[in-house]
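Report on one structure; see the data block that follows.
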Amino acid sequence: MGKNKTKKWFLSLPNVAAHFFSEELKRETLFGTLKKSLKKKNLKFSQAETLCGLLEKQAKVYPQKPFIYFEDQTISFGEADDLTNSVGNYLSAIGFSQGDGLGIMMGNCPEFIYTYYATQRMGMYMVPINTALRGDGLEYIINHSDIKILIIDAEQLPHIEAIKGGLKNIESIYVRGTSSGGQALPSEFQNIDIFFSSSKAPSPSWKVKPDDISTIMYTSGTTGRPKGVVFDYSNTWLRRMGLFAHLIFNKDDVIYTCLPLFHANALFLTFSASLWLGIPVVLAKKFSASKFWDEVNEHGATTFSSIGAMIPILLKSPKKADVSANSIRLVLSAACPAHSWEEFEDRFGLKIWEGYSAVDGGSRFIFNLGNAPVGSIGRPMGVKYKLLKEDGSEAGARENGELVFCVDGEKKAVHYFKNEKATSEKVRDGLLYSGDILYKDEKGYLYFVGRKTESMRRRGENVSAFEIENTILKHPDILECAAFGVPSQLAEEDIMCVVVPVGGQKIEPENLKQWLGEKLASFAIPRYIRVMNELPKTATHRVIKGKLKDQGVTLDTIDLES
């Protein structure tokens, strides 16, 4: 940016960011802080800057200030700190301690937060488990993670009982959500309410060591078994989140999230920002387009995070007279389609800031804080990177390449639990391979193209599923879509696309083919079109393409080349 644009952008930042930068100037440069935040050897560990240290601090500063709004509950920082201590004291009383693992398989609720932060206060580690997992996939994560205690929602009881005989390390299972319904628990299960019967005073024996594991978050396992990404107590990722929080949020902000707490966005980004700045979180159970703006406005939320198809879905939902008067000023987005960006801003009277990160991305972040073109994720700040083509050479402007971060000399930039082979493949020769394909423009701004594993080979060309999907979503009658490759009789792959129409609309495949012919290269136009009422999704709103690919070309699929 030019000097004037830089000044204008700086002045548009939240007041707390300006204060943060001024303080940085007194101590050292911002880039110095960013550089140090990327190297653990330059960071001095402080127990006060753990999740629980931050909660304890805010509980002293703002004991009565709302921390979590959840349904009809309002929980203050002081109450959350007390309840976290109760959980920790109970776990200590029944014999759990530093280094033990605890799994949480619950939907969004305050108890998730209390239990997680209790493990962080005790030096235990927590494993968030996707509530959609079943059978072998669920059993694998529970066993592989070596957790000893499991906390679940009552609705998960049948799924846990189905695999109970294969669980190797579990000593105790606690259940949430049975006290009001009168449901009788099997003898080997206990009600989570007992967690809150212990003393609210913190134990002086709780100590945290910087190299101990604090959290293991499993990947989705799209290319094999899920891998457990290890986070330790060294504060590196949390300090980066502190930089992010001071850059993005105001002290009077209220953050809304409907993303699941077993996902890094809600658990790490949203709640750590809340703890750093002492600002409230409106926690919804899940994303609902029909309830979204009512939930946002009920507590005057000023910002929320969006991933996947949330923005296009909200944009194509029926218009309401009161939506334009919503309280949101800023959306923190990941993978917002460029064609929806400005339309969404104009319709709802807010700003979109785009970001890029990954749970196994070594805590690297790239942001477009309104200082880069629409559709771009921005330019890395204080982060060295390359875009590498398939032959290993660096991609030039407008050329696709895999995003690779330079992590030379950084110990355990990414560490997969009990999987040294995957760790060494992820980080090798001082480089961290993201698995994501991007390109940069002539000014160095980066643009996301798609996952390397979702690239399709057709007619000698590599085709991005992300590009096809973003193009199809421009169609006014299509709400959602998923593109993927299916076997072809002519080798390589044919492209199939499953589409969900906007309510009441009818999709004519031939008309869609003609429409796409004006917007996509011929080799990128799907051969197969299937219309469905809804797409199978994870709780993080990602389409489960594996299910669609397994179904393949079904009887209701239209072959546009027949």
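So you can find residues: chains in the structure tokens are A, B, ... in the order shown, residues in each start at 1, and ligands are numbered from 1 in order.
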Name all residues at most 7 Å from A:Val500 (count only C-alpha atoms; drop same-chain ones fewer than 3 positions away) and give them as a ChimeraX atom specification. /A:478-481,531-534
Output for the residues just chosen: N, CA, C and O atoms as a short mmCIF file (atom, residue, chain, number, x, y, z; two decimals), in the first residue's frame:
```
data_model
loop_
_atom_site.label_atom_id
_atom_site.label_comp_id
_atom_site.auth_asym_id
_atom_site.auth_seq_id
_atom_site.Cartn_x
_atom_site.Cartn_y
_atom_site.Cartn_z
N ILE A 478 -29.18 -21.38 -7.23
CA ILE A 478 -28.44 -22.46 -6.57
C ILE A 478 -27.95 -21.98 -5.20
O ILE A 478 -27.24 -20.98 -5.10
N LEU A 479 -28.34 -22.71 -4.17
CA LEU A 479 -27.97 -22.35 -2.80
C LEU A 479 -26.61 -22.92 -2.41
O LEU A 479 -25.78 -22.24 -1.83
N GLU A 480 -26.37 -24.19 -2.72
CA GLU A 480 -25.12 -24.86 -2.37
C GLU A 480 -24.73 -25.81 -3.48
O GLU A 480 -25.56 -26.24 -4.29
N CYS A 481 -23.45 -26.19 -3.49
CA CYS A 481 -23.00 -27.17 -4.48
C CYS A 481 -21.72 -27.84 -4.01
O CYS A 481 -21.03 -27.34 -3.12
N VAL A 531 -29.23 -33.09 -8.63
CA VAL A 531 -29.94 -32.13 -7.79
C VAL A 531 -30.40 -32.84 -6.53
O VAL A 531 -31.05 -33.89 -6.58
N MET A 532 -30.06 -32.27 -5.37
CA MET A 532 -30.46 -32.83 -4.08
C MET A 532 -31.08 -31.73 -3.22
O MET A 532 -30.86 -30.55 -3.45
N ASN A 533 -31.85 -32.16 -2.23
CA ASN A 533 -32.47 -31.20 -1.31
C ASN A 533 -31.48 -30.64 -0.30
O ASN A 533 -31.65 -29.52 0.20
N GLU A 534 -30.46 -31.42 0.03
CA GLU A 534 -29.43 -30.96 0.96
C GLU A 534 -28.17 -31.77 0.75
O GLU A 534 -28.21 -32.90 0.22
#
```
Every residue of stretch 423-462 of chain A that DSSP places in strand (DSSP E or B), as a list in words: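 Taking stretch 423-462 of chain A and keeping strand (DSSP E or B) only, one gets Val427, Arg428, Leu431, Leu432, Tyr433, Ser434, Gly435, Asp436, Ile437, Leu438, Tyr439, Lys440, Leu446, Tyr447, Phe448, Val449, Gly450, Arg451, Ser455, Met456, Arg457, Arg458, Glu461 and Asn462 of chain A.
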With a distance cut-off of 10 Å and only C-alpha atoms, select the neighbouring residues of A:Glu461, excluding the residue or stretch itself and same-chain residues fewer than 5 positions from it, and output the selection as JSON, numbers by chain. {"A": [455, 456, 492, 523, 524]}
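Here atom CA of A:His415 is placed at a distance of 27.8 Å from atom CA of A:Phe466.
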